>>> print(open('final_11.tsv').read())   # TSV, C-alpha atoms and all ligand atoms
chain	number	residue	atom	x	y	z
K	96	MET	CA	35.45	-5.18	14.52
K	97	GLY	CA	37.23	-5.30	11.14
K	98	ALA	CA	37.12	-2.75	8.39
K	99	ILE	CA	38.52	-1.65	5.05
K	100	GLU	CA	39.94	1.80	5.47
K	101	PHE	CA	41.37	4.25	2.90
K	102	ARG	CA	43.48	7.08	4.29
K	103	ASN	CA	44.30	9.81	1.75
K	104	VAL	CA	44.73	7.24	-1.01
K	105	THR	CA	45.99	8.20	-4.45
K	106	TYR	CA	46.71	5.75	-7.24
K	107	ALA	CA	48.53	6.40	-10.51
K	108	TYR	CA	48.85	3.69	-13.18
K	109	PRO	CA	52.38	2.92	-14.39
K	110	ASN	CA	51.82	5.22	-17.40
K	111	GLY	CA	51.34	8.09	-14.92
K	112	HIS	CA	47.55	8.36	-15.27
K	113	ILE	CA	46.07	9.25	-11.88
K	114	ALA	CA	42.85	7.23	-11.45
K	115	ASN	CA	42.14	7.84	-7.74
K	116	GLU	CA	42.94	11.01	-5.86
K	117	ASN	CA	42.94	11.41	-2.08
K	118	LEU	CA	40.24	8.86	-1.24
K	119	ASN	CA	39.08	8.51	2.36
K	120	LEU	CA	36.64	5.72	3.10
K	121	LEU	CA	35.70	3.37	5.92
K	122	ILE	CA	33.73	0.17	5.27
K	123	ALA	CA	32.92	-1.73	8.44
K	124	SER	CA	32.71	-5.50	8.40
K	125	GLY	CA	29.16	-6.62	7.68
K	126	GLU	CA	28.27	-3.48	5.70
K	127	ARG	CA	26.69	-3.52	2.25
K	128	ILE	CA	27.60	-0.59	0.03
K	129	ALA	CA	27.14	0.42	-3.59
K	130	ILE	CA	29.80	2.39	-5.46
K	131	VAL	CA	28.36	4.38	-8.36
K	132	GLY	CA	29.55	7.03	-10.80
K	133	GLN	CA	30.25	7.77	-14.44
K	134	ASN	CA	32.49	5.60	-16.64
K	135	GLY	CA	36.14	6.18	-15.85
K	136	ALA	CA	35.41	7.78	-12.45
K	137	GLY	CA	37.86	5.39	-10.78
K	138	LYS	CA	35.53	2.80	-9.21
K	139	THR	CA	37.29	-0.35	-10.41
K	140	THR	CA	40.67	1.12	-9.53
K	141	ALA	CA	39.39	1.81	-5.99
K	142	VAL	CA	38.14	-1.74	-5.43
K	143	LYS	CA	41.38	-3.18	-6.81
K	144	LEU	CA	43.13	-1.16	-4.09
K	145	MET	CA	40.85	-2.86	-1.54
K	146	ASN	CA	41.91	-6.38	-2.49
K	147	GLY	CA	45.60	-5.67	-3.01
K	148	LEU	CA	45.64	-5.92	-6.83
K	149	HIS	CA	46.86	-2.32	-6.71
K	150	LYS	CA	48.92	-0.73	-3.94
K	151	PRO	CA	48.46	3.02	-3.33
K	152	THR	CA	51.03	5.36	-4.82
K	153	ALA	CA	50.28	7.71	-1.89
K	154	GLY	CA	48.34	7.18	1.34
K	155	ASP	CA	47.39	3.82	2.85
K	156	VAL	CA	44.77	1.11	2.57
K	157	PHE	CA	44.14	-1.00	5.66
K	158	VAL	CA	42.25	-4.29	5.64
K	159	ASP	CA	41.35	-5.45	9.13
K	160	GLY	CA	44.20	-3.28	10.39
K	161	ILE	CA	46.76	-4.67	7.91
K	162	ASN	CA	48.44	-2.17	5.60
K	163	THR	CA	48.07	-3.66	2.09
K	164	ARG	CA	51.60	-2.48	1.22
K	165	GLU	CA	52.97	-4.94	3.76
K	166	ARG	CA	51.35	-8.02	2.23
K	167	THR	CA	51.25	-9.72	-1.16
K	168	THR	CA	48.17	-9.50	-3.38
K	169	ALA	CA	47.50	-13.20	-2.67
K	170	GLN	CA	47.45	-12.52	1.08
K	171	ILE	CA	45.07	-9.56	0.82
K	172	SER	CA	42.79	-11.29	-1.68
K	173	ALA	CA	42.35	-14.11	0.84
K	174	ILE	CA	40.56	-11.50	3.00
K	175	VAL	CA	38.92	-9.38	0.27
K	176	GLY	CA	37.46	-11.38	-2.61
K	177	TYR	CA	37.00	-9.61	-5.94
K	178	VAL	CA	34.64	-10.76	-8.68
K	179	PHE	CA	35.87	-9.17	-11.91
K	180	GLN	CA	33.60	-7.05	-14.09
K	181	ASN	CA	34.26	-9.33	-17.06
K	182	PRO	CA	34.13	-13.03	-16.10
K	183	ASP	CA	36.48	-13.90	-18.98
K	184	ASP	CA	39.26	-11.96	-17.22
K	185	GLN	CA	38.97	-14.29	-14.23
K	186	ILE	CA	38.36	-17.78	-15.68
K	187	PHE	CA	41.22	-20.10	-16.65
K	188	ASN	CA	40.23	-23.69	-15.79
K	189	GLY	CA	38.72	-26.34	-18.08
K	190	THR	CA	35.56	-27.01	-16.06
K	191	VAL	CA	33.36	-24.96	-13.74
K	192	LYS	CA	34.09	-27.37	-10.87
K	193	ALA	CA	37.85	-27.09	-11.39
K	194	GLU	CA	37.53	-23.31	-11.53
K	195	ILE	CA	35.77	-23.20	-8.15
K	196	GLU	CA	38.14	-25.74	-6.56
K	197	TYR	CA	41.37	-24.19	-7.85
K	198	MET	CA	41.95	-21.72	-5.00
K	199	LEU	CA	40.73	-24.22	-2.42
K	200	HIS	CA	43.47	-26.67	-3.45
K	201	TYR	CA	45.97	-23.78	-3.42
K	202	LEU	CA	44.86	-23.05	0.16
K	203	LYS	CA	45.58	-26.75	0.92
K	204	LEU	CA	42.12	-27.42	2.36
K	205	ASP	CA	41.17	-31.05	2.88
K	206	GLN	CA	38.75	-32.63	0.43
K	207	SER	CA	35.75	-32.66	2.79
K	208	GLU	CA	36.12	-28.92	3.39
K	209	ILE	CA	36.53	-28.34	-0.37
K	210	ASP	CA	33.34	-30.32	-1.04
K	211	ARG	CA	31.45	-28.36	1.62
K	212	ARG	CA	32.55	-25.00	0.22
K	213	VAL	CA	31.84	-25.93	-3.38
K	214	ALA	CA	28.35	-27.17	-2.43
K	215	ARG	CA	27.56	-23.90	-0.61
K	216	ALA	CA	28.87	-21.69	-3.44
K	217	VAL	CA	27.00	-23.72	-6.06
K	218	GLU	CA	23.76	-23.61	-4.05
K	219	LEU	CA	23.99	-19.82	-3.53
K	220	THR	CA	24.68	-19.09	-7.20
K	221	GLY	CA	22.34	-21.68	-8.76
K	222	ILE	CA	24.98	-23.12	-11.13
K	223	GLN	CA	24.30	-26.82	-10.32
K	224	ASN	CA	23.70	-27.72	-13.99
K	225	TYR	CA	27.03	-26.39	-15.21
K	226	LEU	CA	29.62	-28.04	-12.94
K	227	GLU	CA	31.16	-30.27	-15.63
K	228	ALA	CA	30.88	-27.70	-18.43
K	229	ASN	CA	33.75	-25.65	-19.81
K	230	PRO	CA	33.19	-22.20	-18.26
K	231	PHE	CA	33.55	-20.56	-21.68
K	232	ASP	CA	30.62	-22.65	-22.97
K	233	VAL	CA	28.36	-21.42	-20.16
K	234	PRO	CA	25.98	-18.56	-21.08
K	235	TYR	CA	27.33	-15.12	-20.07
K	236	SER	CA	24.85	-14.52	-17.24
K	237	MET	CA	25.67	-17.90	-15.65
K	238	ARG	CA	29.41	-17.43	-16.32
K	239	LYS	CA	29.22	-14.38	-14.10
K	240	PHE	CA	27.72	-16.59	-11.37
K	241	VAL	CA	30.58	-19.07	-11.89
K	242	THR	CA	33.06	-16.32	-11.01
K	243	ILE	CA	30.93	-15.30	-8.02
K	244	ALA	CA	30.93	-18.94	-6.86
K	245	VAL	CA	34.75	-19.01	-7.09
K	246	VAL	CA	34.98	-16.08	-4.68
K	247	LEU	CA	32.21	-17.35	-2.38
K	248	ALA	CA	34.08	-20.65	-2.01
K	249	ILE	CA	37.18	-18.80	-0.79
K	250	ASP	CA	34.86	-17.55	1.96
K	251	THR	CA	36.39	-14.10	2.45
K	252	PRO	CA	34.87	-11.69	4.99
K	253	TYR	CA	34.72	-8.96	2.30
K	254	ILE	CA	33.34	-9.56	-1.19
K	255	ILE	CA	33.51	-7.11	-4.09
K	256	LEU	CA	31.10	-7.51	-6.99
K	257	ASP	CA	31.97	-5.43	-10.07
K	258	GLU	CA	28.85	-4.79	-12.20
K	259	PRO	CA	27.02	-7.95	-11.08
K	260	THR	CA	23.67	-7.08	-12.72
K	261	ALA	CA	25.16	-6.62	-16.22
K	262	GLY	CA	23.51	-9.17	-18.51
K	263	GLN	CA	21.21	-10.52	-15.76
K	264	ASP	CA	17.46	-11.03	-16.15
K	265	MET	CA	14.96	-10.87	-13.25
K	266	LYS	CA	15.85	-14.41	-12.17
K	267	GLY	CA	19.57	-13.57	-12.09
K	268	ILE	CA	18.94	-10.41	-10.09
K	269	LYS	CA	16.82	-12.38	-7.59
K	270	THR	CA	19.64	-14.89	-7.14
K	271	LEU	CA	22.06	-12.01	-6.65
K	272	VAL	CA	19.88	-10.33	-4.02
K	273	ARG	CA	19.36	-13.63	-2.20
K	274	LEU	CA	23.08	-14.27	-2.04
K	275	MET	CA	23.85	-10.70	-0.89
K	276	ASP	CA	21.24	-11.11	1.88
K	277	ARG	CA	22.74	-14.43	2.90
K	278	LEU	CA	26.26	-12.97	3.02
K	279	GLN	CA	25.02	-10.11	5.15
K	280	GLU	CA	23.31	-12.52	7.55
K	281	GLU	CA	26.68	-14.24	7.88
K	282	GLY	CA	28.28	-10.87	8.83
K	283	LYS	CA	30.19	-10.43	5.55
K	284	SER	CA	30.66	-7.11	3.76
K	285	VAL	CA	29.46	-6.76	0.20
K	286	ILE	CA	30.87	-3.91	-1.90
K	287	THR	CA	29.17	-3.56	-5.27
K	288	ILE	CA	30.06	-1.39	-8.24
K	289	THR	CA	27.00	-0.82	-10.38
K	290	HIS	CA	25.44	1.39	-13.03
K	291	ASP	CA	21.98	-0.05	-12.23
K	292	MET	CA	20.24	2.62	-10.16
K	293	GLU	CA	17.03	0.59	-9.66
K	294	PHE	CA	19.21	-2.11	-8.07
K	295	VAL	CA	20.89	0.51	-5.86
K	296	ALA	CA	17.63	2.10	-4.69
K	297	ASP	CA	16.02	-1.27	-3.96
K	298	HIS	CA	18.89	-3.06	-2.24
K	299	PHE	CA	21.45	-0.65	-0.77
K	300	LYS	CA	21.23	1.78	2.11
K	301	ARG	CA	24.73	3.24	1.78
K	302	VAL	CA	25.93	4.64	-1.54
K	303	VAL	CA	29.38	5.99	-2.36
K	304	VAL	CA	29.48	8.26	-5.42
K	305	MET	CA	32.68	8.74	-7.42
K	306	ALA	CA	33.44	11.36	-10.07
K	307	ASN	CA	36.71	12.55	-11.60
K	308	LYS	CA	38.95	10.26	-9.51
K	309	ARG	CA	37.36	11.27	-6.19
K	310	ILE	CA	34.61	10.29	-3.77
K	311	ILE	CA	32.11	13.13	-4.01
K	312	ALA	CA	29.37	11.73	-1.75
K	313	ASP	CA	28.88	8.95	0.78
K	314	ASP	CA	25.32	8.82	2.11
K	315	THR	CA	22.01	6.97	2.12
K	316	ALA	CA	20.43	6.08	-1.24
K	317	LYS	CA	17.56	8.39	-0.33
K	318	SER	CA	19.88	11.38	0.20
K	319	ILE	CA	22.00	10.66	-2.87
K	320	PHE	CA	19.05	10.37	-5.24
K	321	GLY	CA	17.63	13.57	-3.78
K	322	ASN	CA	20.83	15.52	-4.35
K	323	GLU	CA	20.54	16.94	-7.88
K	324	PRO	CA	24.01	18.59	-7.97
K	325	ILE	CA	25.67	15.26	-7.05
K	326	LEU	CA	23.59	13.38	-9.66
K	327	THR	CA	24.60	15.92	-12.30
K	328	VAL	CA	28.32	15.87	-11.53
K	329	ALA	CA	28.41	12.06	-11.37
K	330	ARG	CA	26.08	11.74	-14.40
K	331	ILE	CA	23.75	9.42	-12.51
K	332	LYS	CA	20.10	8.98	-13.36
K	333	LYS	CA	17.53	8.61	-10.60
K	334	PRO	CA	15.62	5.31	-10.54
K	335	GLN	CA	12.57	5.51	-12.83
K	336	ILE	CA	10.03	6.09	-10.05
K	337	GLY	CA	12.14	9.00	-8.78
K	338	GLU	CA	12.29	10.50	-12.30
K	339	LEU	CA	8.55	10.06	-12.77
K	340	ALA	CA	7.80	11.62	-9.36
K	341	LYS	CA	10.01	14.58	-10.29
K	342	GLU	CA	8.23	15.05	-13.62
K	343	LEU	CA	4.87	14.94	-11.82
K	344	GLY	CA	6.11	17.61	-9.43
K	345	PHE	CA	6.36	15.29	-6.41
K	346	GLY	CA	9.33	14.23	-4.41
K	347	ILE	CA	11.39	17.38	-4.55
K	348	ASN	CA	14.72	16.54	-2.90
K	349	GLY	CA	14.27	12.88	-3.77
K	350	THR	CA	11.76	12.07	-1.08
K	351	ILE	CA	10.06	9.69	-3.51
K	352	LEU	CA	12.06	6.70	-4.70
K	353	TYR	CA	9.66	3.80	-4.44
K	354	ARG	CA	6.34	2.80	-6.04
K	355	GLU	CA	4.46	2.81	-2.71
K	356	GLU	CA	5.71	6.34	-1.97
K	357	LEU	CA	4.51	7.63	-5.34
K	358	ILE	CA	1.10	5.96	-4.92
K	359	ALA	CA	0.78	7.50	-1.42
K	360	ALA	CA	1.65	10.95	-2.82
K	361	LEU	CA	-0.89	10.59	-5.65
K	362	ILE	CA	-3.64	9.52	-3.23
K	363	LYS	CA	-2.82	12.46	-0.94
K	364	GLU	CA	-2.97	14.85	-3.91
K	365	LYS	CA	-6.33	13.40	-4.97
K	366	ILE	CA	-7.75	13.83	-1.43
K	367	ASN	CA	-6.45	17.40	-1.25
K	368	ARG	CA	-8.15	18.26	-4.55
K	369	SER	CA	-11.53	16.74	-3.68
G	401	LIG	N1	45.86	-0.12	-16.81
G	401	LIG	C1	45.56	1.18	-16.94
G	401	LIG	N2	46.51	2.06	-17.33
G	401	LIG	C2	46.24	3.39	-17.45
G	401	LIG	N3	45.02	3.93	-17.19
G	401	LIG	C3	44.05	3.09	-16.80
G	401	LIG	C4	44.25	1.68	-16.64
G	401	LIG	N4	43.10	1.11	-16.23
G	401	LIG	C5	42.21	2.11	-16.13
G	401	LIG	N5	42.77	3.30	-16.47
G	401	LIG	C6	42.12	4.62	-16.48
G	401	LIG	O1	41.84	5.01	-15.13
G	401	LIG	C7	40.59	5.70	-15.08
G	401	LIG	C8	39.69	5.01	-14.07
G	401	LIG	O2	39.36	3.73	-14.55
G	401	LIG	P1	38.42	2.74	-13.75
G	401	LIG	O3	38.33	1.46	-14.53
G	401	LIG	O4	38.85	2.68	-12.35
G	401	LIG	O5	37.01	3.53	-13.82
G	401	LIG	P2	35.54	3.02	-13.52
G	401	LIG	O6	34.88	4.10	-12.73
G	401	LIG	O7	35.58	1.67	-12.91
G	401	LIG	O8	34.91	2.98	-14.97
G	401	LIG	P3	33.78	1.98	-15.62
G	401	LIG	O9	32.47	2.34	-14.95
G	401	LIG	O10	33.81	2.35	-17.07
G	401	LIG	O11	34.22	0.57	-15.35
G	401	LIG	C9	40.04	5.73	-16.49
G	401	LIG	O12	40.37	6.96	-17.07
G	401	LIG	C10	40.77	4.59	-17.18
G	401	LIG	O13	40.91	4.85	-18.56
>>> encode(input="final_11.tsv", output="structure tokens", more="lines below")
Ligand SMILES: Nc1ncnc2c1ncn2[C@@H]1O[C@H](COP(=O)(O)OP(=O)(O)OP(=O)(O)O)[C@@H](O)[C@H]1O
Amino acid sequence: MGAIEFRNVTYAYPNGHIANENLNLLIASGERIAIVGQNGAGKTTAVKLMNGLHKPTAGDVFVDGINTRERTTAQISAIVGYVFQNPDDQIFNGTVKAEIEYMLHYLKLDQSEIDRRVARAVELTGIQNYLEANPFDVPYSMRKFVTIAVVLAIDTPYIILDEPTAGQDMKGIKTLVRLMDRLQEEGKSVITITHDMEFVADHFKRVVVMANKRIIADDTAKSIFGNEPILTVARIKKPQIGELAKELGFGINGTILYREELIAALIKEKINRS
């Protein structure tokens, strides 16, 4: 089975700034993980190491057993797709359709395969109405889905989404969840950087927490949100239900994260009092 593996990985930018320090991480194929942590913790740098945009300055990154140092960025990004945080950093074609097809032509796929992949990516992201539009004329939330469609069409076994919920309403988040579920059913890994803790609690089992260039925790969402010292160091807020439960004196150690759990605790408390 394939995996992305970090072994003692450090990365320093050309100006000497160390952004990642001694990271060790194993992401198995088919896994869905969230990477969280304060601004500047090193999350984006870490995912750029996964898809070969950066090469470690010390240690090694392996993608399906291949050391990323031994391949070009283009070769690694054909295995690990990365959807940029800001769609405008990724887009360069005149129409949405051309943007999605660009890499598929580069990969020299035949037209029927290109059509099949575009149709799948468009269906998953719900951007049917924008195919002939200039990507820069598409509203921000849909522009983000255009860049997701580009990566989906490349059909990589690993997909990185950098801040996918930013600027999304409920409908956008539903589309996002549906496409993450579909990718997981297909055995693909989804690695998501996010500051949206409701999204993390509701849709991720495994959470990696970064702070000050390092991974400081790698555990279930339940354990992470129950670990006050980790939340403090990483400057992460619990999801609202968790905060409310804490204020009400329930859910010490983060046992309460979801609405149903809080309701059950309130009912139990009421029964105990009567
Ligand atoms: N090109 C660069 N040259 C020098 N330093 C950089 C460069 N890009 C990022 N950094 C620095 O590296 C550190 C880690 O940045 P990174 O973008 O990986 O953090 P992040 O956790 O993704 O933050 P955010 O949540 O704000 O996106 C920050 O201090 C940032 O200022």
>>> residues_near_ligand(input="final_11.tsv", ligand="ligand LIG 401 (chain G)", cutoff="12 Å", atoms="all atoms listed in the file", output="MDAnalysis selection string")
chainID K and resid 105:116 130:144 148:149 179:181 256:259 261 287:291 303:310 329:331
>>> residues_around(input="final_11.tsv", residues="K:Gln279", least_positions_apart="4", cutoff="10 Å", atoms="only C-alpha atoms", output="short mmCIF file (atom, residue, chain, number, x, y, z; two decimals) with C-alpha atoms, in the coordinates of the input")
data_model
loop_
_atom_site.label_atom_id
_atom_site.label_comp_id
_atom_site.auth_asym_id
_atom_site.auth_seq_id
_atom_site.Cartn_x
_atom_site.Cartn_y
_atom_site.Cartn_z
CA SER K 124 32.71 -5.50 8.40
CA GLY K 125 29.16 -6.62 7.68
CA GLU K 126 28.27 -3.48 5.70
CA ARG K 127 26.69 -3.52 2.25
CA PRO K 252 34.87 -11.69 4.99
CA ARG K 273 19.36 -13.63 -2.20
CA LEU K 274 23.08 -14.27 -2.04
CA MET K 275 23.85 -10.70 -0.89
CA LYS K 283 30.19 -10.43 5.55
CA SER K 284 30.66 -7.11 3.76
CA VAL K 285 29.46 -6.76 0.20
#
>>> atom_distance(input="final_11.tsv", atom1="atom CA of K:Asn162", atom2="atom CA of K:Phe299")
27.8 Å
>>> closest_residue(input="final_11.tsv", among="K:Ile243, K:Ala216, K:Ile254, K:Ala169", to="K:Ile128", atoms="all atoms listed in the file")
K:Ile254
>>> closest_residue(input="final_11.tsv", among="K:Gln170, K:Ala129, K:Met237, K:Ala228", to="K:Asp313", atoms="all atoms listed in the file")
K:Ala129
>>> atom_distance(input="final_11.tsv", atom1="atom CA of K:Ile99", atom2="atom CA of K:Ile249")
18.2 Å
>>> residues_around(input="final_11.tsv", residues="stretch 156-159 of chain K", least_positions_apart="2", cutoff="9 Å", atoms="all atoms listed in the file", output="list in words")
Met96, Gly97, Ala98, Ile99, Glu100, Phe101, Arg102, Asn103, Val104, Ser124, Leu144, Met145, Asn146, Gly147, Lys150, Pro151, Gly154, Ile161, Asn162, Thr163, Arg164, Ile171, Ile174 and Val175 of chain K
>>> atom_distance(input="final_11.tsv", atom1="atom CA of K:Asp250", atom2="atom CA of K:Asp232")
25.8 Å
>>> closest_residue(input="final_11.tsv", among="K:Leu226, K:Leu357, K:Leu118, K:Val245", to="K:Gly176", atoms="all atoms listed in the file")
K:Val245
>>> axis_aligned_box(input="final_11.tsv", around="stretch 363-368 of chain K", padding_each_side="4 Å", output="JSON")
{"center_x": -5.5, "center_y": 15.4, "center_z": -3.0, "size_x": 13.3, "size_y": 13.8, "size_z": 12.0}
>>> residues_around(input="final_11.tsv", residues="K:Asp314", least_positions_apart="2", cutoff="10 Å", atoms="only C-alpha atoms", output="JSON list (two decimals) with C-alpha atoms, keeping the file's coordinate frame")
[["chain", "number", "residue", "atom", "x", "y", "z"],
["K", 128, "ILE", "CA", 27.60, -0.59, 0.03],
["K", 300, "LYS", "CA", 21.23, 1.78, 2.11],
["K", 301, "ARG", "CA", 24.73, 3.24, 1.78],
["K", 302, "VAL", "CA", 25.93, 4.64, -1.54],
["K", 303, "VAL", "CA", 29.38, 5.99, -2.36],
["K", 304, "VAL", "CA", 29.48, 8.26, -5.42],
["K", 312, "ALA", "CA", 29.37, 11.73, -1.75],
["K", 316, "ALA", "CA", 20.43, 6.08, -1.24],
["K", 317, "LYS", "CA", 17.56, 8.39, -0.33],
["K", 318, "SER", "CA", 19.88, 11.38, 0.20],
["K", 319, "ILE", "CA", 22.00, 10.66, -2.87],
["K", 320, "PHE", "CA", 19.05, 10.37, -5.24]]
>>> residues_around(input="final_11.tsv", residues="stretch 333-342 of chain K", least_positions_apart="5", cutoff="10 Å", atoms="only C-alpha atoms", output="list in words")
Asp291, Met292, Glu293, Phe294, Val295, Ala296, Asp297, Ile319, Phe320, Gly321, Asn322, Glu323, Leu326, Ile347, Asn348, Gly349, Thr350, Ile351, Leu352, Tyr353, Arg354, Glu355, Glu356, Leu357, Ile358, Ala360 and Leu361 of chain K
>>> write_last_selection(input="final_11.tsv", atoms="C-alpha atoms", output="CSV table (one decimal), in the coordinates of the input")
chain,number,residue,atom,x,y,z
K,291,ASP,CA,22.0,0.0,-12.2
K,292,MET,CA,20.2,2.6,-10.2
K,293,GLU,CA,17.0,0.6,-9.7
K,294,PHE,CA,19.2,-2.1,-8.1
K,295,VAL,CA,20.9,0.5,-5.9
K,296,ALA,CA,17.6,2.1,-4.7
K,297,ASP,CA,16.0,-1.3,-4.0
K,319,ILE,CA,22.0,10.7,-2.9
K,320,PHE,CA,19.0,10.4,-5.2
K,321,GLY,CA,17.6,13.6,-3.8
K,322,ASN,CA,20.8,15.5,-4.4
K,323,GLU,CA,20.5,16.9,-7.9
K,326,LEU,CA,23.6,13.4,-9.7
K,347,ILE,CA,11.4,17.4,-4.6
K,348,ASN,CA,14.7,16.5,-2.9
K,349,GLY,CA,14.3,12.9,-3.8
K,350,THR,CA,11.8,12.1,-1.1
K,351,ILE,CA,10.1,9.7,-3.5
K,352,LEU,CA,12.1,6.7,-4.7
K,353,TYR,CA,9.7,3.8,-4.4
K,354,ARG,CA,6.3,2.8,-6.0
K,355,GLU,CA,4.5,2.8,-2.7
K,356,GLU,CA,5.7,6.3,-2.0
K,357,LEU,CA,4.5,7.6,-5.3
K,358,ILE,CA,1.1,6.0,-4.9
K,360,ALA,CA,1.6,11.0,-2.8
K,361,LEU,CA,-0.9,10.6,-5.6
